[in-house]
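Dumped model-v8.csv below, it's CSV, C-alpha atoms:
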```csv
chain,number,residue,atom,x,y,z
A,724,MET,CA,6.4,124.2,72.4
A,725,ASP,CA,2.7,124.8,71.4
A,726,ARG,CA,1.1,121.4,71.6
A,727,ILE,CA,-1.6,120.3,69.2
A,728,TYR,CA,-3.9,117.6,70.6
A,729,LEU,CA,-5.5,115.5,67.8
A,730,ASP,CA,-6.6,112.4,69.8
A,731,TYR,CA,-10.1,113.3,71.0
A,732,ALA,CA,-11.4,109.9,70.1
A,733,ALA,CA,-9.2,108.5,72.8
A,734,ALA,CA,-10.1,111.0,75.4
A,735,ALA,CA,-11.5,114.5,75.5
A,736,PRO,CA,-10.6,117.0,78.2
A,737,LEU,CA,-13.0,117.6,81.0
A,738,ASP,CA,-15.3,120.5,80.2
A,739,PRO,CA,-14.8,123.2,82.9
A,740,ARG,CA,-18.6,123.5,83.1
A,741,VAL,CA,-18.8,119.8,83.9
A,742,LEU,CA,-16.1,120.1,86.5
A,743,ALA,CA,-18.0,123.0,88.2
A,744,LYS,CA,-21.1,120.8,88.5
A,745,MET,CA,-19.0,117.9,89.9
A,746,MET,CA,-17.0,119.9,92.5
A,747,PRO,CA,-19.7,120.0,95.3
A,748,TYR,CA,-19.9,116.2,95.2
A,749,LEU,CA,-16.1,116.0,95.5
A,750,THR,CA,-16.1,118.3,98.5
A,751,THR,CA,-19.1,119.4,100.5
A,752,GLU,CA,-21.9,117.2,99.2
A,753,TYR,CA,-20.4,113.9,100.2
A,754,GLY,CA,-23.5,111.9,101.2
A,755,ASN,CA,-24.2,108.4,100.2
A,756,PRO,CA,-27.3,108.2,97.9
A,757,SER,CA,-28.6,105.2,99.9
A,758,SER,CA,-28.6,107.2,103.2
A,759,LEU,CA,-32.0,108.6,104.4
A,760,HIS,CA,-30.6,111.8,105.9
A,761,PHE,CA,-30.4,115.2,104.1
A,762,LEU,CA,-26.9,114.8,102.6
A,763,GLY,CA,-27.8,111.3,101.4
A,764,GLN,CA,-31.0,112.5,99.7
A,765,GLN,CA,-29.1,115.4,98.1
A,766,ALA,CA,-26.7,112.9,96.5
A,767,ARG,CA,-29.7,110.7,95.5
A,768,ALA,CA,-31.4,113.6,93.8
A,769,ALA,CA,-28.1,114.4,91.9
A,770,VAL,CA,-27.9,110.9,90.7
A,771,GLN,CA,-31.5,110.9,89.5
A,772,LYS,CA,-31.0,114.3,87.7
A,773,ALA,CA,-28.0,112.9,85.8
A,774,ARG,CA,-30.0,109.8,84.9
A,775,GLU,CA,-32.7,112.1,83.5
A,776,GLN,CA,-30.1,114.1,81.6
A,777,ILE,CA,-28.8,111.0,79.8
A,778,ALA,CA,-32.3,109.7,79.2
A,779,HIS,CA,-33.4,113.0,77.6
A,780,CYS,CA,-30.4,113.0,75.3
A,781,LEU,CA,-31.3,109.5,74.1
A,782,ASP,CA,-35.1,110.2,74.2
A,783,VAL,CA,-35.8,107.3,76.5
A,784,ASN,CA,-37.1,106.9,80.1
A,785,SER,CA,-34.8,107.6,82.9
A,786,SER,CA,-35.7,104.2,84.5
A,787,ASP,CA,-34.0,102.6,81.5
A,788,ILE,CA,-30.5,104.1,82.3
A,789,VAL,CA,-27.9,102.2,84.3
A,790,PHE,CA,-24.6,103.9,85.2
A,791,THR,CA,-21.3,102.0,84.7
A,792,SER,CA,-17.6,102.7,85.0
A,793,GLY,CA,-17.3,103.3,81.2
A,794,GLY,CA,-18.0,101.9,77.8
A,795,THR,CA,-16.3,98.6,78.3
A,796,GLU,CA,-18.3,97.7,81.4
A,797,ALA,CA,-21.5,98.9,79.6
A,798,ASP,CA,-20.7,96.5,76.7
A,799,ASN,CA,-20.0,93.6,79.0
A,800,LEU,CA,-23.0,94.2,81.2
A,801,ALA,CA,-25.2,94.4,78.1
A,802,ILE,CA,-23.9,91.2,76.5
A,803,LEU,CA,-23.1,89.0,79.4
A,804,GLY,CA,-25.9,90.3,81.6
A,805,TYR,CA,-28.5,89.7,78.9
A,806,LEU,CA,-27.2,86.1,78.3
A,807,ARG,CA,-27.0,85.4,82.0
A,808,ALA,CA,-30.7,86.4,82.4
A,809,ASN,CA,-32.1,84.8,79.3
A,810,TYR,CA,-29.9,82.2,77.7
A,811,PRO,CA,-27.4,80.9,80.2
A,812,GLN,CA,-27.1,77.6,78.4
A,813,GLY,CA,-26.0,78.9,75.1
A,814,GLY,CA,-27.3,80.2,71.7
A,815,HIS,CA,-26.2,81.8,68.5
A,816,LEU,CA,-24.7,85.2,68.6
A,817,ILE,CA,-23.8,87.7,65.8
A,818,THR,CA,-21.3,90.5,65.7
A,819,THR,CA,-19.0,92.1,63.2
A,820,ALA,CA,-15.3,91.9,62.5
A,821,VAL,CA,-14.7,95.6,63.3
A,822,GLU,CA,-16.1,95.9,66.8
A,823,HIS,CA,-14.2,97.4,69.7
A,824,GLN,CA,-12.3,94.8,71.7
A,825,ALA,CA,-14.8,95.3,74.5
A,826,VAL,CA,-17.4,93.5,72.4
A,827,LEU,CA,-15.2,91.4,70.1
A,828,ASN,CA,-13.2,89.8,73.0
A,829,THR,CA,-16.4,89.2,75.0
A,830,PHE,CA,-17.9,87.3,72.1
A,831,HIS,CA,-14.8,85.3,71.5
A,832,SER,CA,-14.8,84.3,75.2
A,833,LEU,CA,-18.4,83.2,74.9
A,834,SER,CA,-17.5,80.7,72.1
A,835,GLU,CA,-15.8,78.7,74.9
A,836,TYR,CA,-18.9,78.4,76.9
A,837,GLY,CA,-21.5,76.8,74.7
A,838,TYR,CA,-22.3,79.8,72.5
A,839,GLU,CA,-21.9,79.8,68.7
A,840,VAL,CA,-20.5,83.1,67.4
A,841,THR,CA,-20.8,84.4,63.9
A,842,VAL,CA,-18.5,87.3,63.1
A,843,LEU,CA,-19.7,89.1,60.0
A,844,PRO,CA,-17.3,90.6,57.4
A,845,VAL,CA,-17.4,94.3,56.3
A,846,ASP,CA,-16.8,95.9,53.0
A,847,ALA,CA,-13.7,97.9,51.9
A,848,VAL,CA,-14.8,101.0,53.8
A,849,GLY,CA,-15.7,99.0,57.0
A,850,ARG,CA,-19.5,98.9,56.6
A,851,ILE,CA,-21.7,95.9,57.4
A,852,CYS,CA,-24.4,95.0,54.9
A,853,PRO,CA,-27.9,94.7,56.5
A,854,GLU,CA,-28.7,91.9,54.2
A,855,ASP,CA,-25.7,90.0,55.6
A,856,VAL,CA,-27.1,90.4,59.1
A,857,GLU,CA,-30.5,89.1,57.9
A,858,ALA,CA,-28.9,86.1,56.1
A,859,ALA,CA,-26.9,85.2,59.2
A,860,LEU,CA,-30.0,85.1,61.5
A,861,ARG,CA,-31.0,81.6,62.6
A,862,ASP,CA,-33.8,80.1,64.7
A,863,ASP,CA,-31.4,79.9,67.7
A,864,THR,CA,-30.0,83.4,67.3
A,865,VAL,CA,-30.5,85.3,70.6
A,866,LEU,CA,-28.3,88.4,70.4
A,867,VAL,CA,-26.8,90.7,67.8
A,868,SER,CA,-24.2,93.4,68.6
A,869,VAL,CA,-23.1,96.0,66.0
A,870,MET,CA,-21.3,99.2,66.8
A,871,TYR,CA,-22.8,102.5,65.8
A,872,ALA,CA,-19.6,104.1,64.5
A,873,ASN,CA,-16.1,102.6,64.4
A,874,ASN,CA,-13.6,104.0,66.9
A,875,GLU,CA,-10.6,103.7,64.5
A,876,THR,CA,-12.1,104.8,61.1
A,877,GLY,CA,-15.3,106.6,62.2
A,878,THR,CA,-17.3,104.5,59.7
A,879,ILE,CA,-21.0,104.7,60.6
A,880,GLN,CA,-23.1,101.5,60.4
A,881,PRO,CA,-26.6,101.3,59.0
A,882,ILE,CA,-28.0,100.8,62.5
A,883,LYS,CA,-31.7,101.6,61.8
A,884,GLU,CA,-31.9,99.2,58.9
A,885,ILE,CA,-30.3,96.5,61.0
A,886,GLY,CA,-32.5,97.2,63.9
A,887,GLU,CA,-35.6,96.9,61.7
A,888,ILE,CA,-34.5,93.5,60.5
A,889,ILE,CA,-33.8,92.3,64.1
A,890,SER,CA,-36.9,93.7,65.6
A,891,ALA,CA,-39.0,91.5,63.4
A,892,ARG,CA,-37.6,88.5,65.3
A,893,ASP,CA,-37.4,87.7,69.0
A,894,ILE,CA,-33.7,88.7,69.1
A,895,ALA,CA,-32.0,91.3,71.3
A,896,PHE,CA,-30.0,94.1,69.6
A,897,HIS,CA,-27.0,95.7,71.3
A,898,VAL,CA,-25.2,98.8,70.0
A,899,ASP,CA,-21.9,100.2,71.2
A,900,ALA,CA,-22.5,104.0,70.6
A,901,VAL,CA,-19.4,105.2,72.5
A,902,GLN,CA,-17.9,107.1,69.6
A,903,ALA,CA,-21.2,108.0,67.9
A,904,PHE,CA,-22.9,109.5,70.9
A,905,GLY,CA,-20.9,112.7,70.8
A,906,TYR,CA,-21.7,113.6,67.2
A,907,LEU,CA,-24.8,111.9,66.1
A,908,PRO,CA,-28.4,112.0,67.4
A,909,VAL,CA,-28.8,108.5,68.9
A,910,PHE,CA,-32.4,107.4,69.6
A,911,PRO,CA,-32.7,103.7,70.6
A,912,GLY,CA,-36.4,103.7,70.5
A,913,LYS,CA,-36.6,104.9,66.8
A,914,GLU,CA,-33.7,102.6,65.8
A,915,HIS,CA,-35.0,99.4,67.4
A,916,ILE,CA,-32.1,99.1,69.8
A,917,ASP,CA,-32.6,97.1,73.0
A,918,LEU,CA,-29.3,97.7,74.7
A,919,LEU,CA,-27.0,100.7,74.0
A,920,SER,CA,-23.6,101.7,75.5
A,921,VAL,CA,-22.3,105.2,75.9
A,922,CYS,CA,-19.2,106.7,77.6
A,923,SER,CA,-18.4,109.9,79.4
A,924,HIS,CA,-14.8,110.8,78.5
A,925,LYS,CA,-15.6,111.0,74.8
A,926,ILE,CA,-18.1,113.8,75.4
A,927,TYR,CA,-15.9,116.0,77.7
A,928,GLY,CA,-17.1,114.3,80.9
A,929,PRO,CA,-14.9,112.5,83.5
A,930,LYS,CA,-13.1,109.3,82.8
A,931,GLY,CA,-14.4,106.2,84.5
A,932,MET,CA,-18.1,106.8,83.8
A,933,GLY,CA,-20.4,105.3,81.2
A,934,ALA,CA,-24.1,104.4,80.9
A,935,LEU,CA,-26.1,101.5,79.5
A,936,TYR,CA,-29.6,101.9,78.1
A,937,ILE,CA,-31.8,98.8,78.7
A,938,ARG,CA,-35.1,98.8,76.9
A,939,LYS,CA,-38.1,98.3,79.2
A,940,GLY,CA,-38.9,94.6,79.2
A,941,ILE,CA,-35.3,93.4,78.5
A,942,LYS,CA,-34.0,91.3,81.3
A,943,VAL,CA,-30.3,91.7,82.3
A,944,ALA,CA,-28.6,90.0,85.2
A,945,SER,CA,-25.7,91.3,87.3
A,946,GLU,CA,-22.6,89.3,88.0
A,947,ALA,CA,-21.7,91.2,91.1
A,948,HIS,CA,-23.5,90.6,94.4
A,949,GLY,CA,-24.2,93.3,97.0
A,950,GLY,CA,-26.6,96.1,97.4
A,951,PRO,CA,-29.6,97.2,95.2
A,952,GLN,CA,-27.9,100.1,93.4
A,953,GLU,CA,-28.5,100.8,89.8
A,954,HIS,CA,-31.7,98.6,89.5
A,955,ASN,CA,-29.9,95.7,91.2
A,956,LEU,CA,-27.4,95.6,88.3
A,957,ARG,CA,-24.3,97.3,89.8
A,958,ALA,CA,-23.9,96.8,93.5
A,959,GLY,CA,-21.8,99.3,95.4
A,960,THR,CA,-22.0,103.0,96.4
A,961,GLU,CA,-22.5,105.2,93.4
A,962,ASN,CA,-19.7,107.5,92.1
A,963,VAL,CA,-21.9,110.5,92.6
A,964,ALA,CA,-19.4,113.1,91.3
A,965,GLY,CA,-18.7,111.0,88.2
A,966,ILE,CA,-22.5,110.4,87.6
A,967,VAL,CA,-23.1,114.2,87.9
A,968,GLY,CA,-20.3,114.7,85.4
A,969,ILE,CA,-21.6,112.4,82.7
A,970,GLY,CA,-25.1,113.8,83.2
A,971,GLU,CA,-24.0,117.4,82.8
A,972,ALA,CA,-21.7,116.4,79.8
A,973,ALA,CA,-24.8,114.9,78.1
A,974,ALA,CA,-26.9,117.9,78.8
A,975,ILE,CA,-24.3,120.2,77.3
A,976,LEU,CA,-23.9,117.9,74.3
A,977,GLU,CA,-27.6,118.0,73.6
A,978,THR,CA,-27.4,121.8,73.0
A,979,GLU,CA,-24.0,121.8,71.3
A,980,ARG,CA,-23.9,118.6,69.2
A,981,GLN,CA,-24.6,120.3,65.8
A,982,GLU,CA,-22.0,123.0,66.5
A,983,ARG,CA,-19.4,120.3,67.4
A,984,TYR,CA,-20.3,118.3,64.3
A,985,ASP,CA,-20.0,121.3,62.0
A,986,ASN,CA,-16.7,122.4,63.4
A,987,ALA,CA,-15.1,119.0,63.3
A,988,ALA,CA,-16.4,118.4,59.7
A,989,VAL,CA,-14.6,121.6,58.5
A,990,LEU,CA,-11.3,120.5,60.0
A,991,LYS,CA,-11.6,116.9,58.7
A,992,LYS,CA,-12.4,118.0,55.2
A,993,TYR,CA,-9.4,120.4,55.1
A,994,MET,CA,-7.0,117.7,56.3
A,995,TYR,CA,-8.4,115.2,53.8
A,996,LYS,CA,-8.1,117.6,50.9
A,997,HIS,CA,-4.7,118.9,51.7
A,998,LEU,CA,-3.0,115.8,53.1
A,999,ILE,CA,-4.6,112.7,51.6
A,1000,ALA,CA,-6.7,113.3,48.4
A,1001,ALA,CA,-3.9,114.5,46.2
A,1002,ASN,CA,-1.0,112.4,47.5
A,1003,ASN,CA,-0.4,108.8,46.2
A,1004,ASN,CA,1.6,108.0,49.3
A,1005,PHE,CA,-1.4,108.6,51.5
A,1006,ARG,CA,-4.6,106.5,51.5
A,1007,LEU,CA,-7.9,107.0,53.4
A,1008,ASN,CA,-9.0,104.1,55.6
A,1009,GLY,CA,-12.8,104.1,55.5
A,1010,THR,CA,-15.0,106.6,53.9
A,1011,MET,CA,-15.7,110.3,53.9
A,1012,GLU,CA,-19.4,109.7,53.1
A,1013,HIS,CA,-20.6,107.4,55.9
A,1014,ALA,CA,-18.4,108.5,58.7
A,1015,LEU,CA,-18.2,110.6,61.9
A,1016,PRO,CA,-17.0,114.2,61.3
A,1017,ASN,CA,-14.2,114.0,63.9
A,1018,ILE,CA,-12.2,110.9,63.0
A,1019,LEU,CA,-9.8,110.6,60.0
A,1020,ASP,CA,-7.9,107.4,59.7
A,1021,PHE,CA,-5.3,107.1,56.9
A,1022,SER,CA,-2.2,105.2,56.0
A,1023,ILE,CA,1.2,106.3,54.7
A,1024,ALA,CA,3.2,104.1,52.3
A,1025,ASN,CA,6.4,102.6,53.7
A,1026,ILE,CA,6.0,104.2,57.1
A,1027,ASP,CA,5.8,102.5,60.5
A,1028,SER,CA,3.1,104.4,62.3
A,1029,ALA,CA,4.8,104.1,65.7
A,1030,ILE,CA,7.9,105.9,64.4
A,1031,LEU,CA,5.7,108.6,62.9
A,1032,LEU,CA,3.7,109.0,66.1
A,1033,ILE,CA,6.8,109.4,68.2
A,1034,ALA,CA,8.4,111.9,65.8
A,1035,LEU,CA,5.2,114.0,65.8
A,1036,ASP,CA,5.0,113.8,69.6
A,1037,MET,CA,8.5,115.2,69.8
A,1038,GLN,CA,7.2,118.1,67.8
A,1039,GLY,CA,4.3,118.6,70.2
A,1040,MET,CA,1.6,116.8,68.2
A,1041,ALA,CA,-0.6,114.1,69.8
A,1042,VAL,CA,-2.1,111.6,67.3
A,1043,SER,CA,-2.9,107.9,67.5
A,1044,ALA,CA,-1.9,104.8,65.7
A,1045,GLY,CA,-5.5,103.4,65.6
A,1046,SER,CA,-7.5,102.7,68.8
A,1047,ALA,CA,-6.1,104.0,72.0
A,1048,CYS,CA,-7.1,100.7,73.6
A,1049,GLU,CA,-4.7,99.0,71.1
A,1050,ALA,CA,-1.7,101.2,71.9
A,1051,GLY,CA,1.5,99.2,71.9
A,1052,ALA,CA,0.0,96.3,70.0
A,1053,VAL,CA,2.4,94.6,67.6
A,1054,GLU,CA,-0.2,93.1,65.4
A,1055,PRO,CA,-1.9,95.3,62.7
A,1056,SER,CA,-5.3,96.7,63.4
A,1057,HIS,CA,-8.0,94.1,63.3
A,1058,VAL,CA,-10.3,96.8,61.9
A,1059,LEU,CA,-8.1,97.5,58.9
A,1060,GLN,CA,-7.5,93.8,58.3
A,1061,ALA,CA,-11.2,93.2,58.2
A,1062,MET,CA,-11.5,95.9,55.6
A,1063,GLY,CA,-9.0,94.0,53.4
A,1064,ILE,CA,-6.1,96.5,53.8
A,1065,ASP,CA,-2.8,94.7,53.6
A,1066,ASP,CA,-0.1,94.9,56.2
A,1067,ALA,CA,2.1,97.1,53.9
A,1068,TRP,CA,-0.5,99.9,54.3
A,1069,SER,CA,-2.0,99.1,57.7
A,1070,LYS,CA,1.4,99.2,59.5
A,1071,GLY,CA,1.5,102.9,58.6
A,1072,SER,CA,-2.0,103.8,59.8
A,1073,ILE,CA,-2.6,107.0,61.8
A,1074,ARG,CA,-5.9,108.2,63.4
A,1075,ILE,CA,-6.5,111.9,63.7
A,1076,SER,CA,-9.5,112.9,65.8
A,1077,PHE,CA,-10.7,116.4,66.2
A,1078,GLY,CA,-12.4,118.2,69.1
A,1079,MET,CA,-13.5,121.5,70.6
A,1080,GLY,CA,-9.9,122.6,71.3
A,1081,ASN,CA,-8.9,122.5,67.6
A,1082,ASN,CA,-8.9,125.3,65.0
A,1083,ILE,CA,-8.0,125.6,61.4
A,1084,GLU,CA,-4.6,127.0,62.0
A,1085,GLN,CA,-3.7,124.0,64.1
A,1086,ILE,CA,-4.8,121.7,61.3
A,1087,LYS,CA,-2.8,123.6,58.7
A,1088,ALA,CA,0.3,123.2,61.0
A,1089,ALA,CA,-0.5,119.5,61.4
A,1090,VAL,CA,-0.8,118.9,57.7
A,1091,THR,CA,2.6,120.5,57.1
A,1092,ALA,CA,4.2,118.6,60.0
A,1093,ILE,CA,2.8,115.2,58.9
A,1094,LYS,CA,4.0,115.7,55.3
A,1095,GLN,CA,7.4,116.8,56.3
A,1096,THR,CA,7.9,114.2,59.0
A,1097,ALA,CA,6.8,111.4,56.7
A,1098,ASP,CA,9.2,112.6,54.0
A,1099,ASP,CA,12.1,112.8,56.6
A,1100,ILE,CA,11.4,109.3,57.8
A,1101,THR,CA,11.3,107.9,54.2
A,1102,SER,CA,14.5,109.7,53.3
A,1103,LYS,CA,16.4,108.3,56.3
A,1104,GLU,CA,15.2,104.8,55.6
A,1105,LYS,CA,16.4,105.1,52.0
A,1106,ILE,CA,19.8,106.2,53.2
A,1107,CYS,CA,20.0,103.3,55.6
A,1108,GLU,CA,19.2,100.9,52.8
```

As structure tokens, how would this structure be written, given the file I've shared?
Amino acid sequence: MDRIYLDYAAAAPLDPRVLAKMMPYLTTEYGNPSSLHFLGQQARAAVQKAREQIAHCLDVNSSDIVFTSGGTEADNLAILGYLRANYPQGGHLITTAVEHQAVLNTFHSLSEYGYEVTVLPVDAVGRICPEDVEAALRDDTVLVSVMYANNETGTIQPIKEIGEIISARDIAFHVDAVQAFGYLPVFPGKEHIDLLSVCSHKIYGPKGMGALYIRKGIKVASEAHGGPQEHNLRAGTENVAGIVGIGEAAAILETERQERYDNAAVLKKYMYKHLIAANNNFRLNGTMEHALPNILDFSIANIDSAILLIALDMQGMAVSAGSACEAGAVEPSHVLQAMGIDDAWSKGSIRISFGMGNNIEQIKAAVTAIKQTADDITSKEKICE
């Protein structure tokens, strides 16, 4: 069968151009970046080039970039590392109810170790109000973490406005930009961001790679002990091939971001118009106005999303029931719950995410398949009743 992949928010395929840049460091250029000989210095130069590529994409200094194993580690290093270095005895922390679990679970764990955590609510489309952030700030607030764009609904947060509020106080601001990085220009300096997490496999780079931006002057402490790699923050021999991969993926992204944005937006608007807008059994989760162009999350009445997902997969169509990191979860999405969507709708939520491998003919086929499959499931359930 001809398969249609509509789960790019979970993982994008490795760009062949990225793989070509990585291959030498998987084969012939095998030196350790800490070695002083020729092969070691070649590897060291490759790591530095990748650091500069990420930095250029974010419009920051290369010395402010630390490579990690992915977005989750970048989030953890930002939050835990900042607190270890500056407020090890506790303090007041603020985040939102729709964060990725890499942030939300980290904050929940900190509440057991002397930190007081405020989890701010969002509105019906999943957006945080900057005034709510300001109202929640206290004299003992030390860190605020708000994601740039949600991984389930694609809803974009008013990061610059929040950053301006926080920058007026002596409080660190962390932003998880894992989903946003591939489609929006993200500039930490202009948006008053102190710590920012990005990830490789969302931008057609290799899995197992991420990066953390740390503003100059912000102190972060490592939990791992060992060598001085990554500014003494991530001990251990660098994954040179992976680092080269994320660097090249960022460099390509910088030249192609607008094209990717425009292409995804066309596909998303078509699917919204022909699948959701005119059908009372479908409802959009989030907003079309303040959202990424590549993510469309919706619910179908009286449908279990797991059943629909499996039925579509058998037809060669890959979609997601919310966040890939939540796959197999029995509980409804915490993001949809925070938006006030009741279980009757949230249990039938589906996330479609578009990418470079998609075209309008695939989306037309997907619309037809989703409609027909949903009707078939509903009809069978009525017969069973």

Selection: 8 Å around stretch 1029-1031 of chain A, all atoms listed in the file, excl. self and same-chain fewer than 6 positions, as a list of chain:residue names: A:Ala1044, A:Gly1071, A:Thr1096, A:Ala1097, A:Ile1100

Test item: residues at most 10 Å from A:Ala1024, only C-alpha atoms, excluding those fewer than 5 positions along its chain, as number ranges by chain: A: 1003-1006, 1067-1072, 1097, 1101

Just C-alpha atoms for this one: save the residues we selected as a PDB file, keeping the file's coordinate frame.
```
ATOM      1  CA  ASN A1003      -0.400 108.800  46.200  1.00  0.00           C
ATOM      2  CA  ASN A1004       1.600 108.000  49.300  1.00  0.00           C
ATOM      3  CA  PHE A1005      -1.400 108.600  51.500  1.00  0.00           C
ATOM      4  CA  ARG A1006      -4.600 106.500  51.500  1.00  0.00           C
ATOM      5  CA  ALA A1067       2.100  97.100  53.900  1.00  0.00           C
ATOM      6  CA  TRP A1068      -0.500  99.900  54.300  1.00  0.00           C
ATOM      7  CA  SER A1069      -2.000  99.100  57.700  1.00  0.00           C
ATOM      8  CA  LYS A1070       1.400  99.200  59.500  1.00  0.00           C
ATOM      9  CA  GLY A1071       1.500 102.900  58.600  1.00  0.00           C
ATOM     10  CA  SER A1072      -2.000 103.800  59.800  1.00  0.00           C
ATOM     11  CA  ALA A1097       6.800 111.400  56.700  1.00  0.00           C
ATOM     12  CA  THR A1101      11.300 107.900  54.200  1.00  0.00           C
TER      13      THR A1101
END
```

Residues near A:Gln902, cut-off 10 Å, all atoms listed in the file, skip fewer than 3 positions along chain, as a list in words: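 The filter keeps Ala732, Ala733, Gly794, Met870, Tyr871, Ala872, Asn873, Asn874, Glu875, Gly877, Ile879, Asp899, Gly905, Tyr906, Leu907, Ser920, Val921, Cys922, Lys925, Ile926, Leu1015, Asn1017 and Ile1018 of chain A.
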
Two-atom distance - atom CA of A:Ala974, atom CA of A:Gln771 (Å):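 Between atom CA of A:Ala974 and atom CA of A:Gln771 the gap is 13.6 Å.
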
For a quick check of your reading of the model, name the residues lying within 12 Å of the coordinate (-5.6, 121.6, 61.4), counting only C-alpha atoms, and write them as a CSV table (one decimal) with C-alpha atoms, in the frame of the given file.
```csv
chain,number,residue,atom,x,y,z
A,727,ILE,CA,-1.6,120.3,69.2
A,728,TYR,CA,-3.9,117.6,70.6
A,729,LEU,CA,-5.5,115.5,67.8
A,986,ASN,CA,-16.7,122.4,63.4
A,987,ALA,CA,-15.1,119.0,63.3
A,988,ALA,CA,-16.4,118.4,59.7
A,989,VAL,CA,-14.6,121.6,58.5
A,990,LEU,CA,-11.3,120.5,60.0
A,991,LYS,CA,-11.6,116.9,58.7
A,992,LYS,CA,-12.4,118.0,55.2
A,993,TYR,CA,-9.4,120.4,55.1
A,994,MET,CA,-7.0,117.7,56.3
A,995,TYR,CA,-8.4,115.2,53.8
A,996,LYS,CA,-8.1,117.6,50.9
A,997,HIS,CA,-4.7,118.9,51.7
A,998,LEU,CA,-3.0,115.8,53.1
A,1017,ASN,CA,-14.2,114.0,63.9
A,1019,LEU,CA,-9.8,110.6,60.0
A,1040,MET,CA,1.6,116.8,68.2
A,1075,ILE,CA,-6.5,111.9,63.7
A,1076,SER,CA,-9.5,112.9,65.8
A,1077,PHE,CA,-10.7,116.4,66.2
A,1078,GLY,CA,-12.4,118.2,69.1
A,1080,GLY,CA,-9.9,122.6,71.3
A,1081,ASN,CA,-8.9,122.5,67.6
A,1082,ASN,CA,-8.9,125.3,65.0
A,1083,ILE,CA,-8.0,125.6,61.4
A,1084,GLU,CA,-4.6,127.0,62.0
A,1085,GLN,CA,-3.7,124.0,64.1
A,1086,ILE,CA,-4.8,121.7,61.3
A,1087,LYS,CA,-2.8,123.6,58.7
A,1088,ALA,CA,0.3,123.2,61.0
A,1089,ALA,CA,-0.5,119.5,61.4
A,1090,VAL,CA,-0.8,118.9,57.7
A,1091,THR,CA,2.6,120.5,57.1
A,1092,ALA,CA,4.2,118.6,60.0
A,1093,ILE,CA,2.8,115.2,58.9
```

Coordinates-based distance that separates atom CA of A:Ala801 from atom CA of A:Thr818 (Å, one decimal): 13.6 Å

Atomic separation - atom CA of A:Leu918 relative to atom CA of A:Glu822, Å: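 Distance reported for this atom pair: 15.5 Å.
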
Residues of stretch 770-854 of chain A within 9 Å of stretch 936-958 of chain A: nearest atom pair and distance (Å, one decimal) for each, counting all atoms listed in the file, sorted by chain and number, as a tab-separated table?
```
residue	atom	partner	partner_atom	distance
A:Ala778	CA	A:Tyr936	CA	8.3
A:Leu781	CA	A:Tyr936	CA	8.8
A:Val783	CA	A:Tyr936	CA	8.4
A:Asn784	CA	A:Lys939	CA	8.7
A:Ser786	CA	A:Lys939	CA	8.3
A:Asp787	CA	A:Ile937	CA	5.2
A:Ile788	CA	A:Tyr936	CA	4.8
A:Val789	CA	A:Glu953	CA	5.7
A:Phe790	CA	A:Glu953	CA	6.8
A:Thr791	CA	A:Arg957	CA	7.6
A:Ala797	CA	A:Tyr936	CA	8.8
A:Leu800	CA	A:Ser945	CA	7.3
A:Ala801	CA	A:Val943	CA	7.1
A:Ile802	CA	A:Val943	CA	8.7
A:Leu803	CA	A:Ala944	CA	8.1
A:Gly804	CA	A:Ala944	CA	4.5
A:Tyr805	CA	A:Val943	CA	4.3
A:Leu806	CA	A:Val943	CA	7.5
A:Arg807	CA	A:Ala944	CA	5.8
A:Ala808	CA	A:Ala944	CA	5.0
A:Asn809	CA	A:Lys942	CA	7.1
```

Within 10 Å of A:Val856 using all atoms listed in the file, minus same-chain residues under 2 positions, as a ChimeraX atom specification: /A:817-819,841-844,851-854,858-860,867,869,885-886,888-889

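Among the candidates A:Tyr753, A:Phe904, A:Phe896, A:Tyr838, the one nearest to A:Gly813 when counting only C-alpha atoms is A:Tyr838.
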
Nearby residues (all atoms listed in the file) at most 10 Å from A:Asp862, same-chain spacing under 6 positions excluded, as a list in words: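 Once the adjacent positions are removed, what remains is Gly814, His815, Arg892, Asp893 and Ile894 of chain A.
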
Please report, as CSV, each residue of stretch 949-1008 of chain A lying at most 9 Å from stretch 737-741 of chain A, together with the nearest pair of atoms and the separation in Å rounded to one decimal; use all atoms listed in the file, and order rows by chain and ascending residue number.
```
residue,atom,partner,partner_atom,distance
A:Val967,CA,A:Val741,CA,8.1
A:Gly968,CA,A:Val741,CA,5.5
A:Ile969,CA,A:Val741,CA,8.0
A:Gly970,CA,A:Val741,CA,8.7
A:Glu971,CA,A:Val741,CA,5.8
A:Ala972,CA,A:Val741,CA,6.1
A:Ile975,CA,A:Val741,CA,8.6
```

Once you have the residues from the selection above, write them out as a short mmCIF file (atom, residue, chain, number, x, y, z; two decimals), keeping the file's coordinate frame, restricted to C-alpha atoms.
```
data_model
loop_
_atom_site.label_atom_id
_atom_site.label_comp_id
_atom_site.auth_asym_id
_atom_site.auth_seq_id
_atom_site.Cartn_x
_atom_site.Cartn_y
_atom_site.Cartn_z
CA VAL A 967 -23.10 114.20 87.90
CA GLY A 968 -20.30 114.70 85.40
CA ILE A 969 -21.60 112.40 82.70
CA GLY A 970 -25.10 113.80 83.20
CA GLU A 971 -24.00 117.40 82.80
CA ALA A 972 -21.70 116.40 79.80
CA ILE A 975 -24.30 120.20 77.30
#
```
